[in-house]
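> Attaching a single structure in structure tokens format; questions to follow.
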Amino acid sequence: MNIFTKSVAALISLVAFQSAAMAQTLSPANTAVTASGQLTQDLNGTLTTVCNVTLSGTTDSTGITFTSYTGSAVSGPLACDDGLVLPLRVQANSSTSVTIKDMAVSTRLGDCGPRDVVGPWSNLTSTAGPLSAALPGTTGFLALIGGVCNASGSLTVSPAITIN
């Protein structure tokens, strides 16, 4: 269930970048970054949990790859420190849009995703979101019942990055 928090964080953080096929570039490249903010996660619309999260990763010319995650619960029954399947890749689409590639979450009730998630990006504030994603259950109990992992929120990247 900690996976939801990570999924949300990943979705929102990854929303900061899109694909090279779109010929967009991110700067600065080859820079260590963190993405932090508050995310909300739930399973099938229940067990809603709000988490403060931080993702860490590295930029390249077309996006960010996040390789670690931490989170702490603000409210709710789910854990906030695991579940997101890493690494998470966020690709730059435009100065106003990013795509989280193949976002997936792993929970005690089964896995959700992978699925590409597109969301808003702001060059002005270096923020991805607000983003909302529904990842279908693909294994375990979640797949059996047609369950969904939901995640929403916004993440701000530091140091600031720009999509051109």
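Just so we're on the same page: first chain in the structure tokens is A, next is B, and so on; residues restart at 1 for each chain, and ligands are numbered from 1 in the order they show up.
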Please, which residues of segment 14-121 of chain A, numbered as in this document, come out helix (DSSP H, G or I) from DSSP, as a ChimeraX atom specification?
/A:14,20-22
> Taking only C-alpha atoms into account, name the residue in A:Leu88, A:Val53, A:Cys149, A:Ala73 that is nearest to Thr107 of chain A.
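For Thr107 of chain A, the nearest of the given residues is A:Cys149.
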> Report, in Å to a single decimal, how far apart atom CA of Gly45 of chain A and atom CA of Thr96 of chain A are.
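Between these atoms lies a distance of 28.6 Å.
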> Could you pull the residues within 7 Å of Leu131 of chain A, counting only C-alpha atoms, minus those fewer than 5 positions along the same chain, as a VMD selection string?
chain A and resid 12 119 152 to 154
> Print the selection's residues with all heavy atoms to a file, as a short mmCIF file (atom, residue, chain, number, x, y, z; two decimals), in the first residue's frame.

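So the final result, stored in again.cif, reads:
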data_model
loop_
_atom_site.label_atom_id
_atom_site.label_comp_id
_atom_site.auth_asym_id
_atom_site.auth_seq_id
_atom_site.Cartn_x
_atom_site.Cartn_y
_atom_site.Cartn_z
N ILE A 12 3.38 12.45 -10.31
CA ILE A 12 3.44 13.89 -10.30
C ILE A 12 4.83 14.38 -10.64
O ILE A 12 4.99 15.32 -11.40
CB ILE A 12 2.97 14.42 -8.95
CG1 ILE A 12 1.52 14.05 -8.78
CG2 ILE A 12 3.18 15.90 -8.86
CD1 ILE A 12 0.94 14.40 -7.48
N GLY A 119 0.62 14.95 -17.70
CA GLY A 119 0.13 15.99 -16.81
C GLY A 119 0.76 17.34 -17.09
O GLY A 119 1.66 17.46 -17.92
N SER A 152 -2.82 11.44 -6.81
CA SER A 152 -2.99 12.82 -7.25
C SER A 152 -2.11 13.73 -6.41
O SER A 152 -1.73 13.39 -5.30
CB SER A 152 -4.45 13.25 -7.15
OG SER A 152 -4.89 13.21 -5.80
N GLY A 153 -1.79 14.89 -6.96
CA GLY A 153 -1.00 15.86 -6.24
C GLY A 153 -0.10 16.67 -7.17
O GLY A 153 -0.24 16.61 -8.39
N SER A 154 0.81 17.41 -6.56
CA SER A 154 1.77 18.25 -7.29
C SER A 154 3.14 18.10 -6.65
O SER A 154 3.25 17.93 -5.44
CB SER A 154 1.36 19.71 -7.24
OG SER A 154 0.14 19.92 -7.91
#
> Looking at A:Asn30, A:Asn150, A:Thr156, A:Thr127, which one is nearest to Val50 of chain A, with distances taken over only C-alpha atoms?
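Nearest candidate to Val50 of chain A out of A:Asn30, A:Asn150, A:Thr156, A:Thr127: A:Asn150.
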> What's around Gly110 of chain A at 7 Å? Count only C-alpha atoms, leave out sequence neighbours fewer than 2 positions away in its own chain, and write the answer as a PyMOL selection string.
chain A and resi 106-108+112+137+139-142
> Got a sec: who's within 8 Å of Leu86 of chain A, counting only C-alpha atoms, leaving out chain neighbours fewer than 2 positions off, as a PyMOL selection string?
chain A and resi 66-68+84+88
> Find the residues near Ser72 of chain A: any atom within 7 Å, counting only C-alpha atoms, skip ones fewer than 6 places away on the same chain, and give them as an mmCIF file with N, CA and C atoms, in the first residue's frame.

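As written to disk, part26.cif reads:
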data_model
loop_
_atom_site.group_PDB
_atom_site.id
_atom_site.type_symbol
_atom_site.label_atom_id
_atom_site.label_comp_id
_atom_site.auth_asym_id
_atom_site.auth_seq_id
_atom_site.Cartn_x
_atom_site.Cartn_y
_atom_site.Cartn_z
ATOM 1 N N CYS A 51 0.320 12.061 1.795
ATOM 2 C CA CYS A 51 1.737 11.898 2.132
ATOM 3 C C CYS A 51 2.557 13.107 1.692
ATOM 4 N N ASN A 52 3.531 13.468 2.509
ATOM 5 C CA ASN A 52 4.584 14.389 2.083
ATOM 6 C C ASN A 52 5.663 13.509 1.477
ATOM 7 N N VAL A 53 6.080 13.811 0.235
ATOM 8 C CA VAL A 53 7.002 12.935 -0.470
ATOM 9 C C VAL A 53 8.188 13.696 -1.047
ATOM 10 N N CYS A 80 3.681 5.465 3.414
ATOM 11 C CA CYS A 80 4.095 6.409 2.374
ATOM 12 C C CYS A 80 5.523 6.191 1.906
ATOM 13 N N ASP A 81 6.176 5.129 2.327
ATOM 14 C CA ASP A 81 7.603 5.009 2.041
ATOM 15 C C ASP A 81 7.984 3.865 1.110
#
> Do a neighbour search on Leu55 of chain A at 6 Å with only C-alpha atoms, toss out local chain neighbours closer than 4 positions, and write the hits as a list in words.
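The residues that qualify are Thr34, Ala35, Ser68 and Tyr69 of chain A.
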> Residues of chain A in strand (DSSP E) according to DSSP, as a ChimeraX atom specification?
/A:26-27,32-43,46-60,63-75,88-94,97-107,110-122,127-136,148-158,162-163
> Expressed in Å to a single decimal, how great is the separation between atom CA of Pro159 of chain A and atom CA of Gly63 of chain A?
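Spanning atom CA of Pro159 of chain A to atom CA of Gly63 of chain A is a straight-line distance of 14.0 Å.
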